[in-house]
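A.B. asks: Take this structure first; my questions come after.
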Amino acid sequence: QPYRTITKLPTRRPKMKIASVATVFFAGLAGASSRPLGHAATTAFVANNGKFARSLAIKAGDKLPIMAGEDVMSQKAHGTSEKPVQKDLRWGCDNDTADRICNFNRHYAEFAGYWTTTKFLEEVPKDESTTYYDSVTGKPLFTAPVGRSMEEFIKESMSHGWPSFRDEEVNWDYVRCLPDGECVSVSGTHLGHNLPDGKGNRYCINLVSVAGNLEEDK
């Protein structure tokens with residue numbers, strides 16, 4: 001398993017005296033590093049209500065994932081974020097678990113398969129893409145499926161235990177990766193990790209981290 005699952009998550013960053021997810025990340029990165037885009041790629045993000053639409057163009061030659069420094073995860077007013085997670089998360093995701101994973105955590109995850117115990121599979125549209133919003137800020141972080149079917153997205157996510165996104169499904173306005181593979185939002189929300197495989201980058205993401213609701217800029 002790529003992640004250590006949690007029951008009671010410490011609010012302090014744990015001392016890693018045993019093999020941790022970082023071992024897996026570096027092993028994966030050694031075999032599949034950031035790959036260049038051979039052409040301009042554009043990803044469209046459209047909210048289910050049709051009121052929100054935006055696009056992000058990645059210029060030819062840019063490498064994915066887009067990286068950030070450790071400062072993005074510096075301590076803020078509420079852990080690594082400025083505020084707690086939203087109160088009414090989608091798909092019945094647990095708020096306490098979400099807040100611990102998003103804001104007071106760097107290495108741990110919801111248990112494998114947690115996302116299948118929520119209302120996600122029951123409620124998510126099967127015939128169109130879904131936008132996944134930051135559980136803290138409400139910013140659009142991922143849209144899936146893109147370039148594949150919903151069946152393929154669910155099958156891959158089930159095989160790994162967590163929702164798994166590809167490069168073209170990431171909104172790089174708001175998502176970054178750290179050198180050890182940690183995937184975060186630009187505002188400090190812990191999302192998951194990049195675990196590359198033979199197909200390229202694979203962003204293994206906690207559902208509780210991307211179960212937010214759209215928050216319009218005021």
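Each chain in the structure tokens gets a letter, A, B and so on, in the order shown; residues start at 1 in every chain, and ligands are counted from 1 in the order they appear.
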Quick one: residues within 8 Å of Tyr174 (chain A), only C-alpha atoms, excluding same-chain residues fewer than 4 positions away - as a compact mmCIF listing (two decimals) with N, CA, C and O atoms, in the first residue's frame?

C.D. replies:
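Result file selection-v3.txt:
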# COMPACT_ATOMS: atom_id res chain seq x y z
N LYS A 139 -11.42 25.81 -4.11
CA LYS A 139 -10.84 26.02 -5.43
C LYS A 139 -10.86 24.71 -6.23
O LYS A 139 -10.70 23.62 -5.67
N PRO A 140 -11.04 24.79 -7.55
CA PRO A 140 -11.07 23.58 -8.38
C PRO A 140 -9.67 22.99 -8.55
O PRO A 140 -8.78 23.65 -9.08
N LEU A 141 -9.50 21.76 -8.13
CA LEU A 141 -8.17 21.14 -8.15
C LEU A 141 -8.03 20.07 -9.23
O LEU A 141 -6.97 19.96 -9.85
N SER A 185 -2.16 21.67 -2.30
CA SER A 185 -2.72 22.84 -2.97
C SER A 185 -1.80 24.03 -2.69
O SER A 185 -1.00 24.01 -1.75
N VAL A 186 -1.92 25.07 -3.49
CA VAL A 186 -1.05 26.23 -3.32
C VAL A 186 -1.33 26.96 -2.01
O VAL A 186 -0.53 27.77 -1.56
N SER A 187 -2.48 26.66 -1.38
CA SER A 187 -2.82 27.31 -0.11
C SER A 187 -2.45 26.46 1.10
O SER A 187 -2.68 26.86 2.23

A.B. asks: Which residues in region 130-174 of chain A does DSSP call strand (DSSP E)? List them as an MDAnalysis selection string.

C.D. replies: chainID A and resid 130:133 140:144 164:165

A.B. asks: Extract, using only C-alpha atoms, all DNA, RNA and protein residues at most 9 Å from Met67 (chain A), discarding same-chain residues fewer than 6 positions from it, and format them as a list in words.

C.D. replies: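 Everything that qualifies: Val175, Arg176, Cys177, Leu178 and Pro179 of chain A.
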
A.B. asks: Store the residues of this selection in a file with N, CA and C atoms, as a compact mmCIF listing (two decimals), in the first residue's frame.

C.D. replies:
# COMPACT_ATOMS: atom_id res chain seq x y z
N VAL A 175 -2.61 23.39 -7.88
CA VAL A 175 -1.99 22.15 -7.40
C VAL A 175 -0.49 22.17 -7.64
N ARG A 176 0.27 21.70 -6.64
CA ARG A 176 1.72 21.59 -6.74
C ARG A 176 2.18 20.26 -6.15
N CYS A 177 3.41 19.88 -6.49
CA CYS A 177 4.04 18.71 -5.88
C CYS A 177 5.35 19.13 -5.25
N LEU A 178 5.72 18.44 -4.17
CA LEU A 178 6.99 18.66 -3.50
C LEU A 178 7.98 17.59 -3.95
N PRO A 179 9.27 17.80 -3.72
CA PRO A 179 10.29 16.85 -4.20
C PRO A 179 10.08 15.41 -3.74

A.B. asks: One decimal, Å: what's the distance from CA of Asp167 (chain A) over to CA of Ala211 (chain A), could you say?

C.D. replies: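 Rounded to one decimal, the two atoms are 19.4 Å apart.
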
A.B. asks: To one decimal place in Å, what is the distance between CA of Met73 (chain A) and CA of Phe104 (chain A)?

C.D. replies: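 Those two atoms sit 10.1 Å apart.
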
A.B. asks: Give me every alpha helix (DSSP H) residue in region 82-115 of chain A, going by DSSP on the backbone, as a compact mmCIF listing (two decimals) with C-alpha atoms, in the first residue's frame.

C.D. replies:
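The result, stored in selection11.txt:
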# COMPACT_ATOMS: atom_id res chain seq x y z
CA ASN A 95 -15.23 16.52 8.56
CA ASP A 96 -12.93 15.56 11.43
CA THR A 97 -10.99 13.13 9.25
CA ALA A 98 -10.84 15.68 6.45
CA ASP A 99 -9.55 18.44 8.71
CA ARG A 100 -6.80 16.26 10.18
CA ILE A 101 -5.64 14.99 6.81
CA CYS A 102 -5.87 18.34 5.01
CA ASN A 103 -4.39 20.62 7.66
CA TYR A 114 -12.50 4.89 2.16
CA TRP A 115 -13.86 6.72 -0.87
